[in-house]
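Notes follow once the structure below has been shown.
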Amino acid sequence: MKRRLQLFLPLAIFLGLCLMFYVALFRENPGELPSALLDQTLPTFELPTVKNPDKKVTRESLLGEVALINVWATWCPACRVEHPYLVDLANKGVPIYGVNYKDDQPEARKWLKTLHDPYRFSINDKSGSLGIDLGVYGAPETYLIDHQGVIRYKHVGIVDANVWKNDLEPRFRHLQKQVRQAQANNREGEAK
Amino acid sequence: MIQRITSRLIVLLLTVLFMGTAYGVIDSYEFSTPEQEQRFFELTNELRCPKCQNQSIGDSNAPIAQDLRREVHRLLNEGADNQTVIDFMLARYGDFVLYKPRLAGINLVLWLGPLLLLLVGLTVLIVVVHKHKATASESAPAAPDEHNADKELLDKKLNRFLTDYLTTHSSEDNKTDGKE
């Protein structure tokens with residue numbers, strides 16, 4: 001009986017390889033890179049915002065809440081596509097910060113004025129240096145960070161209702177719950 | 001006098017112009033030493049463009065590749081060694097930026113997988129050959145005995161047959177002889 005089973009070993013190995021190749025070949029998004037920054041804190045930076053060139057924001061300006069960081073630019077057609085959905089999300093109360101990536105500033109300001117501004121503020125990353133520190137390789141890219149600025153998830157490409165429902169929202173809600181729990185525990189600890 | 005100055009100016013202008021065509025194809029970076037320049041080209045050829053996927057950052061015209069070249073140049077100017085530059089890229093873009101995978105983590109499968117398969121194949125081959133030899137040598141000493149026994153039996157039968165044949169046929173021969 002044991003010998004019989006041994007005979008099936010090559011077939012099992014073959015099927016295993018088939019599965020591996022199938023998964024690798026028919027990935028949903030083969031151009032997508034896994035982020036090297038997952039579970040790491042945001043890089044430090046000090047940059048002006050799009051709307052106010054005199055005001056400098058830093059890493060600390062993004063902390064405190066579970067939030068999205070959306071990398072966008074006016075030269076990026078896909079950003080134009082996802083923009084209305086981001087406005088929707090912002091109206092629902094999701095905190096979104098923008099990283100205006102290597103863009104023309106008057107154009108960017110015009111964009112926010114005419115298409116509505118879903119962002120708490122947009123960081124002006126004119127040189128793309130923050131982009132490089134974030135591992136951005138194209139726009140749009142959307143990062144999910146927790147209240148301490150740890151990157152928990154990255155989505156490459158357009159954020160739409162589907163992506164939000166399936167990828168982002170469950171993680172977003174989960175993180176929010178964790179934060180609320182942690183804060184409740186802290187309060188209890190202080191009360192004692 | 002004025003003519004000499006203008007001719008010199010023209011030479012200078014031409015030199016600058018041709019310098020432009022000779023070096024303008026790649027970004028106009030300045031290097032403090034030729035060795036540093038060499039390292040810049042080596043590094044930009046080893047690092048893969050994250051956007052264009054099958055080009056090195058030295059090869060690609062994508063904006064991200066230009067930015068990464070600029071970063072490599074900046075790091076080299078700051079006196080970074082090659083490993084520092086590579087670590088910088090790895091921290092941001094992961095293993096993907098390396099054309100030559102690192103000998104660590106999940107990449108060990110890439111490096112050692114084929115070797116492991118070869119070893120498994122060889123062991124299987126050796127085991128099979130050994131088993132085959134063992135069964136062959138087990139049956140080998142038995143074979144001559146069987147063979148001898150068969151031969152004896154065959155000899156006996158052949159002898160009996162021959163004697164029978166000879167006895168019957170010798171009389172027949174005599175008969176035919178008698179007829180002629």
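Ordered as shown in the structure tokens, chains take letters A, B, and onward, while each chain numbers its residues from 1 and ligands are numbered from 1 in the order shown.
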Find the nearest atom pair between each residue of chain A and chain B for residues within 8 Å, count only C-alpha atoms, give distances in Å to one decimal, sort rows by chain and ascending number, and present the table as a Markdown table.
```
| residue | atom | partner | partner_atom | distance |
| --- | --- | --- | --- | --- |
| A:Gly31 | CA | B:Gln53 | CA | 7.7 |
| A:Leu33 | CA | B:Phe96 | CA | 7.4 |
| A:Pro34 | CA | B:Gly94 | CA | 7.6 |
| A:Ser35 | CA | B:Tyr93 | CA | 6.6 |
| A:Ala36 | CA | B:Gly94 | CA | 4.7 |
| A:Leu37 | CA | B:Arg92 | CA | 6.5 |
| A:Gly128 | CA | B:Asp67 | CA | 7.6 |
| A:Ile132 | CA | B:Arg92 | CA | 7.0 |
| A:Asp133 | CA | B:Arg92 | CA | 6.1 |
| A:Leu134 | CA | B:Arg92 | CA | 6.3 |
| A:Gly135 | CA | B:Arg92 | CA | 4.5 |
| A:Tyr137 | CA | B:Lys51 | CA | 5.7 |
| A:Gly138 | CA | B:Lys51 | CA | 6.9 |
```
Can I get the selection written as a short mmCIF file (atom, residue, chain, number, x, y, z; two decimals), in the first residue's frame, with all heavy atoms?
```cif
data_model
loop_
_atom_site.label_atom_id
_atom_site.label_comp_id
_atom_site.auth_asym_id
_atom_site.auth_seq_id
_atom_site.Cartn_x
_atom_site.Cartn_y
_atom_site.Cartn_z
N GLY A 31 1.96 43.69 -12.33
CA GLY A 31 2.89 44.81 -12.27
C GLY A 31 3.04 45.39 -10.89
O GLY A 31 3.84 46.29 -10.68
N LEU A 33 4.06 45.86 -7.12
CA LEU A 33 5.12 45.44 -6.21
C LEU A 33 4.58 45.44 -4.79
O LEU A 33 3.85 46.33 -4.40
CB LEU A 33 6.29 46.43 -6.25
CG LEU A 33 6.89 46.79 -7.57
CD1 LEU A 33 8.18 47.54 -7.33
CD2 LEU A 33 7.15 45.57 -8.39
N PRO A 34 4.98 44.44 -4.02
CA PRO A 34 4.63 44.51 -2.61
C PRO A 34 5.43 45.64 -1.97
O PRO A 34 6.57 45.86 -2.34
CB PRO A 34 5.07 43.16 -2.08
CG PRO A 34 6.08 42.66 -3.04
CD PRO A 34 5.78 43.29 -4.36
N SER A 35 4.81 46.38 -1.08
CA SER A 35 5.54 47.50 -0.50
C SER A 35 6.58 47.02 0.49
O SER A 35 6.33 46.14 1.30
CB SER A 35 4.57 48.44 0.21
OG SER A 35 5.30 49.45 0.86
N ALA A 36 7.77 47.60 0.38
CA ALA A 36 8.84 47.25 1.31
C ALA A 36 8.63 47.95 2.64
O ALA A 36 9.31 47.68 3.61
CB ALA A 36 10.18 47.64 0.72
N LEU A 37 7.65 48.87 2.68
CA LEU A 37 7.49 49.69 3.88
C LEU A 37 6.36 49.23 4.78
O LEU A 37 6.03 49.91 5.75
CB LEU A 37 7.24 51.15 3.48
CG LEU A 37 8.51 51.89 3.10
CD1 LEU A 37 8.42 52.41 1.70
CD2 LEU A 37 8.77 53.00 4.08
N GLY A 128 9.79 64.96 -5.57
CA GLY A 128 9.54 63.52 -5.53
C GLY A 128 10.36 62.80 -4.48
O GLY A 128 10.40 61.57 -4.47
N ILE A 132 10.02 58.94 -3.16
CA ILE A 132 11.05 57.90 -3.15
C ILE A 132 11.15 57.25 -1.77
O ILE A 132 11.26 56.03 -1.66
CB ILE A 132 12.41 58.48 -3.59
CG1 ILE A 132 12.38 58.70 -5.10
CG2 ILE A 132 13.56 57.57 -3.21
CD1 ILE A 132 13.63 59.30 -5.66
N ASP A 133 11.05 58.08 -0.72
CA ASP A 133 11.12 57.51 0.62
C ASP A 133 9.94 56.60 0.91
O ASP A 133 10.03 55.67 1.70
CB ASP A 133 11.18 58.63 1.68
CG ASP A 133 12.56 59.28 1.72
OD1 ASP A 133 13.51 58.66 1.21
OD2 ASP A 133 12.68 60.40 2.24
N LEU A 134 8.80 56.88 0.26
CA LEU A 134 7.62 56.05 0.45
C LEU A 134 7.62 54.83 -0.47
O LEU A 134 6.77 53.97 -0.37
CB LEU A 134 6.35 56.87 0.16
CG LEU A 134 5.82 57.77 1.27
CD1 LEU A 134 4.72 58.66 0.73
CD2 LEU A 134 5.29 56.94 2.42
N GLY A 135 8.57 54.78 -1.40
CA GLY A 135 8.59 53.69 -2.35
C GLY A 135 7.55 53.84 -3.44
O GLY A 135 7.09 52.86 -4.02
N TYR A 137 6.21 54.40 -7.06
CA TYR A 137 6.79 54.25 -8.39
C TYR A 137 5.82 54.66 -9.49
O TYR A 137 6.04 54.40 -10.66
CB TYR A 137 7.33 52.84 -8.61
CG TYR A 137 6.33 51.73 -8.49
CD1 TYR A 137 5.67 51.23 -9.61
CD2 TYR A 137 6.06 51.16 -7.26
CE1 TYR A 137 4.76 50.21 -9.50
CE2 TYR A 137 5.15 50.14 -7.15
CZ TYR A 137 4.52 49.66 -8.26
OH TYR A 137 3.61 48.65 -8.16
N GLY A 138 4.74 55.28 -9.08
CA GLY A 138 3.79 55.78 -10.06
C GLY A 138 2.62 56.35 -9.29
O GLY A 138 2.54 56.18 -8.09
#
```
Exercise for the section: Could you give me, as a ChimeraX atom specification, the residues within 8 Å of range 69-81 of chain A, counting only C-alpha atoms and dropping anything in the same chain fewer than 6 positions from it? Expected result: /A:96-104,107-108,111,139-145,157-158
Handout entry: Who sits within 8 Å of range 52-61 of chain A, only C-alpha atoms, same chain under 3 positions skipped, as number ranges by chain
Key = A: 42-49, 123, 149
May I have the residues from that selection written out with all heavy atoms, as a PDB file, in the first residue's frame?
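Wrote it out as out-v2.pdb, contents follow:
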```pdb
ATOM      1  N   LEU A  42       6.051  55.929   8.852  1.00  0.00           N
ATOM      2  CA  LEU A  42       6.238  56.859   7.737  1.00  0.00           C
ATOM      3  C   LEU A  42       7.631  57.486   7.801  1.00  0.00           C
ATOM      4  O   LEU A  42       8.145  57.737   8.892  1.00  0.00           O
ATOM      5  CB  LEU A  42       5.205  57.982   7.828  1.00  0.00           C
ATOM      6  CG  LEU A  42       3.778  57.662   7.431  1.00  0.00           C
ATOM      7  CD1 LEU A  42       2.878  58.812   7.830  1.00  0.00           C
ATOM      8  CD2 LEU A  42       3.699  57.441   5.931  1.00  0.00           C
ATOM      9  N   PRO A  43       8.225  57.759   6.643  1.00  0.00           N
ATOM     10  CA  PRO A  43       9.503  58.469   6.657  1.00  0.00           C
ATOM     11  C   PRO A  43       9.318  59.899   7.165  1.00  0.00           C
ATOM     12  O   PRO A  43       8.237  60.465   7.062  1.00  0.00           O
ATOM     13  CB  PRO A  43       9.929  58.449   5.185  1.00  0.00           C
ATOM     14  CG  PRO A  43       8.679  58.241   4.413  1.00  0.00           C
ATOM     15  CD  PRO A  43       7.791  57.418   5.285  1.00  0.00           C
ATOM     16  N   THR A  44      10.363  60.448   7.704  1.00  0.00           N
ATOM     17  CA  THR A  44      10.275  61.841   8.154  1.00  0.00           C
ATOM     18  C   THR A  44      10.443  62.776   6.963  1.00  0.00           C
ATOM     19  O   THR A  44      11.101  62.428   5.977  1.00  0.00           O
ATOM     20  CB  THR A  44      11.368  62.174   9.185  1.00  0.00           C
ATOM     21  OG1 THR A  44      12.611  61.825   8.601  1.00  0.00           O
ATOM     22  CG2 THR A  44      11.162  61.410  10.467  1.00  0.00           C
ATOM     23  N   PHE A  45       9.823  63.956   7.043  1.00  0.00           N
ATOM     24  CA  PHE A  45       9.946  64.929   5.960  1.00  0.00           C
ATOM     25  C   PHE A  45       9.541  66.289   6.498  1.00  0.00           C
ATOM     26  O   PHE A  45       8.946  66.396   7.588  1.00  0.00           O
ATOM     27  CB  PHE A  45       9.038  64.548   4.783  1.00  0.00           C
ATOM     28  CG  PHE A  45       7.588  64.513   5.122  1.00  0.00           C
ATOM     29  CD1 PHE A  45       6.787  65.642   4.988  1.00  0.00           C
ATOM     30  CD2 PHE A  45       6.997  63.348   5.613  1.00  0.00           C
ATOM     31  CE1 PHE A  45       5.448  65.622   5.324  1.00  0.00           C
ATOM     32  CE2 PHE A  45       5.648  63.318   5.954  1.00  0.00           C
ATOM     33  CZ  PHE A  45       4.875  64.457   5.803  1.00  0.00           C
ATOM     34  N   GLU A  46       9.857  67.310   5.772  1.00  0.00           N
ATOM     35  CA  GLU A  46       9.359  68.649   6.103  1.00  0.00           C
ATOM     36  C   GLU A  46       9.123  69.366   4.791  1.00  0.00           C
ATOM     37  O   GLU A  46      10.066  69.760   4.100  1.00  0.00           O
ATOM     38  CB  GLU A  46      10.367  69.401   6.971  1.00  0.00           C
ATOM     39  CG  GLU A  46       9.732  70.634   7.588  1.00  0.00           C
ATOM     40  CD  GLU A  46      10.706  71.463   8.398  1.00  0.00           C
ATOM     41  OE1 GLU A  46      11.727  70.898   8.843  1.00  0.00           O
ATOM     42  OE2 GLU A  46      10.460  72.667   8.551  1.00  0.00           O
ATOM     43  N   LEU A  47       7.856  69.473   4.412  1.00  0.00           N
ATOM     44  CA  LEU A  47       7.490  70.008   3.102  1.00  0.00           C
ATOM     45  C   LEU A  47       6.312  70.967   3.216  1.00  0.00           C
ATOM     46  O   LEU A  47       5.516  70.854   4.153  1.00  0.00           O
ATOM     47  CB  LEU A  47       7.120  68.848   2.165  1.00  0.00           C
ATOM     48  CG  LEU A  47       8.255  67.928   1.710  1.00  0.00           C
ATOM     49  CD1 LEU A  47       7.700  66.664   1.101  1.00  0.00           C
ATOM     50  CD2 LEU A  47       9.169  68.636   0.727  1.00  0.00           C
ATOM     51  N   PRO A  48       6.187  71.900   2.259  1.00  0.00           N
ATOM     52  CA  PRO A  48       5.034  72.801   2.272  1.00  0.00           C
ATOM     53  C   PRO A  48       3.792  72.088   1.737  1.00  0.00           C
ATOM     54  O   PRO A  48       3.897  71.001   1.160  1.00  0.00           O
ATOM     55  CB  PRO A  48       5.455  73.917   1.327  1.00  0.00           C
ATOM     56  CG  PRO A  48       6.433  73.285   0.411  1.00  0.00           C
ATOM     57  CD  PRO A  48       7.125  72.213   1.186  1.00  0.00           C
ATOM     58  N   THR A  49       2.627  72.693   1.949  1.00  0.00           N
ATOM     59  CA  THR A  49       1.416  72.122   1.366  1.00  0.00           C
ATOM     60  C   THR A  49       1.128  72.821   0.046  1.00  0.00           C
ATOM     61  O   THR A  49       1.691  73.867  -0.261  1.00  0.00           O
ATOM     62  CB  THR A  49       0.203  72.307   2.307  1.00  0.00           C
ATOM     63  OG1 THR A  49      -0.024  73.694   2.482  1.00  0.00           O
ATOM     64  CG2 THR A  49       0.443  71.636   3.645  1.00  0.00           C
ATOM     65  N   ILE A 123       0.446  67.486   0.586  1.00  0.00           N
ATOM     66  CA  ILE A 123       1.860  67.816   0.734  1.00  0.00           C
ATOM     67  C   ILE A 123       2.432  68.078  -0.660  1.00  0.00           C
ATOM     68  O   ILE A 123       2.180  67.309  -1.595  1.00  0.00           O
ATOM     69  CB  ILE A 123       2.612  66.643   1.390  1.00  0.00           C
ATOM     70  CG1 ILE A 123       1.988  66.324   2.745  1.00  0.00           C
ATOM     71  CG2 ILE A 123       4.094  66.951   1.508  1.00  0.00           C
ATOM     72  CD1 ILE A 123       2.271  64.927   3.232  1.00  0.00           C
ATOM     73  N   GLY A 149       1.136  56.436  12.582  1.00  0.00           N
ATOM     74  CA  GLY A 149       1.882  56.640  11.353  1.00  0.00           C
ATOM     75  C   GLY A 149       2.596  55.403  10.842  1.00  0.00           C
ATOM     76  O   GLY A 149       3.549  55.502  10.078  1.00  0.00           O
TER      77      GLY A 149
END
```
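In this model, the gap between CA of Gly189 in chain A and CA of Gly64 in chain A comes to 19.7 Å.
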Which residues, written as a short mmCIF file (atom, residue, chain, number, x, y, z; two decimals) with all heavy atoms, in the first residue's frame, have at least one atom at most 10 Å from Val85 in chain B, with only C-alpha atoms counted and residues fewer than 6 positions away on the same chain left out?
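So the final result, stored in result.cif, reads:
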```cif
data_model
loop_
_atom_site.label_atom_id
_atom_site.label_comp_id
_atom_site.auth_asym_id
_atom_site.auth_seq_id
_atom_site.Cartn_x
_atom_site.Cartn_y
_atom_site.Cartn_z
N LEU B 43 26.08 50.52 -10.73
CA LEU B 43 24.90 50.49 -9.86
C LEU B 43 23.61 50.70 -10.66
O LEU B 43 22.63 50.00 -10.46
CB LEU B 43 25.02 51.55 -8.77
CG LEU B 43 25.90 51.16 -7.60
CD1 LEU B 43 26.22 52.37 -6.74
CD2 LEU B 43 25.23 50.09 -6.75
N LEU B 47 20.43 47.98 -10.77
CA LEU B 47 19.15 48.28 -10.12
C LEU B 47 18.04 48.31 -11.17
O LEU B 47 18.21 48.87 -12.25
CB LEU B 47 19.24 49.62 -9.40
CG LEU B 47 20.18 49.62 -8.19
CD1 LEU B 47 20.50 51.03 -7.75
CD2 LEU B 47 19.58 48.83 -7.04
N GLU B 71 19.16 59.93 -7.19
CA GLU B 71 19.43 59.50 -5.81
C GLU B 71 20.76 58.76 -5.72
O GLU B 71 21.53 58.96 -4.78
CB GLU B 71 18.30 58.61 -5.30
CG GLU B 71 17.00 59.34 -5.05
CD GLU B 71 17.12 60.38 -3.95
OE1 GLU B 71 17.71 60.09 -2.90
OE2 GLU B 71 16.64 61.52 -4.15
N VAL B 72 21.00 57.87 -6.69
CA VAL B 72 22.27 57.12 -6.69
C VAL B 72 23.43 58.10 -6.76
O VAL B 72 24.40 57.99 -6.01
CB VAL B 72 22.33 56.13 -7.88
CG1 VAL B 72 23.72 55.51 -7.99
CG2 VAL B 72 21.28 55.04 -7.74
N HIS B 73 23.31 59.08 -7.65
CA HIS B 73 24.37 60.07 -7.80
C HIS B 73 24.58 60.85 -6.51
O HIS B 73 25.71 61.05 -6.06
CB HIS B 73 24.01 61.03 -8.94
CG HIS B 73 25.02 62.11 -9.15
ND1 HIS B 73 24.78 63.42 -8.83
CD2 HIS B 73 26.29 62.05 -9.61
CE1 HIS B 73 25.86 64.13 -9.09
NE2 HIS B 73 26.79 63.34 -9.57
N ARG B 74 23.45 61.25 -5.89
CA ARG B 74 23.54 62.01 -4.64
C ARG B 74 24.26 61.18 -3.57
O ARG B 74 25.17 61.66 -2.89
CB ARG B 74 22.13 62.37 -4.16
CG ARG B 74 22.07 63.17 -2.87
CD ARG B 74 20.64 63.52 -2.50
NE ARG B 74 19.84 62.33 -2.19
CZ ARG B 74 19.90 61.67 -1.04
NH1 ARG B 74 20.72 62.08 -0.09
NH2 ARG B 74 19.15 60.59 -0.82
N LEU B 75 23.85 59.90 -3.45
CA LEU B 75 24.45 59.05 -2.42
C LEU B 75 25.94 58.85 -2.66
O LEU B 75 26.74 58.90 -1.72
CB LEU B 75 23.73 57.70 -2.38
CG LEU B 75 22.32 57.73 -1.79
CD1 LEU B 75 21.58 56.44 -2.10
CD2 LEU B 75 22.39 57.95 -0.29
N LEU B 76 26.31 58.66 -3.93
CA LEU B 76 27.73 58.45 -4.24
C LEU B 76 28.52 59.70 -3.90
O LEU B 76 29.63 59.61 -3.37
CB LEU B 76 27.91 58.10 -5.72
CG LEU B 76 27.48 56.69 -6.13
CD1 LEU B 76 27.74 56.48 -7.62
CD2 LEU B 76 28.21 55.63 -5.33
#
```
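When CA of Arg39 in chain B is paired with CA of Gln66 in chain B, their separation reads 16.7 Å.
If you measure from each of A:Gln40, A:Ser129, A:Asn162, A:Gln178 to Arg70 in chain B using only C-alpha atoms, the closest one turns out to be A:Ser129.
For the choices B:Lys100, B:His130, B:Lys151, B:Gln36, the atom-to-atom distance to Gly79 in chain B is smallest for B:Gln36 when using only C-alpha atoms.
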Practice task
Find the distance between CA of Leu117 in chain B and CA of Phe21 in chain A and write it in Å to one decimal.
Solution key: 17.1 Å
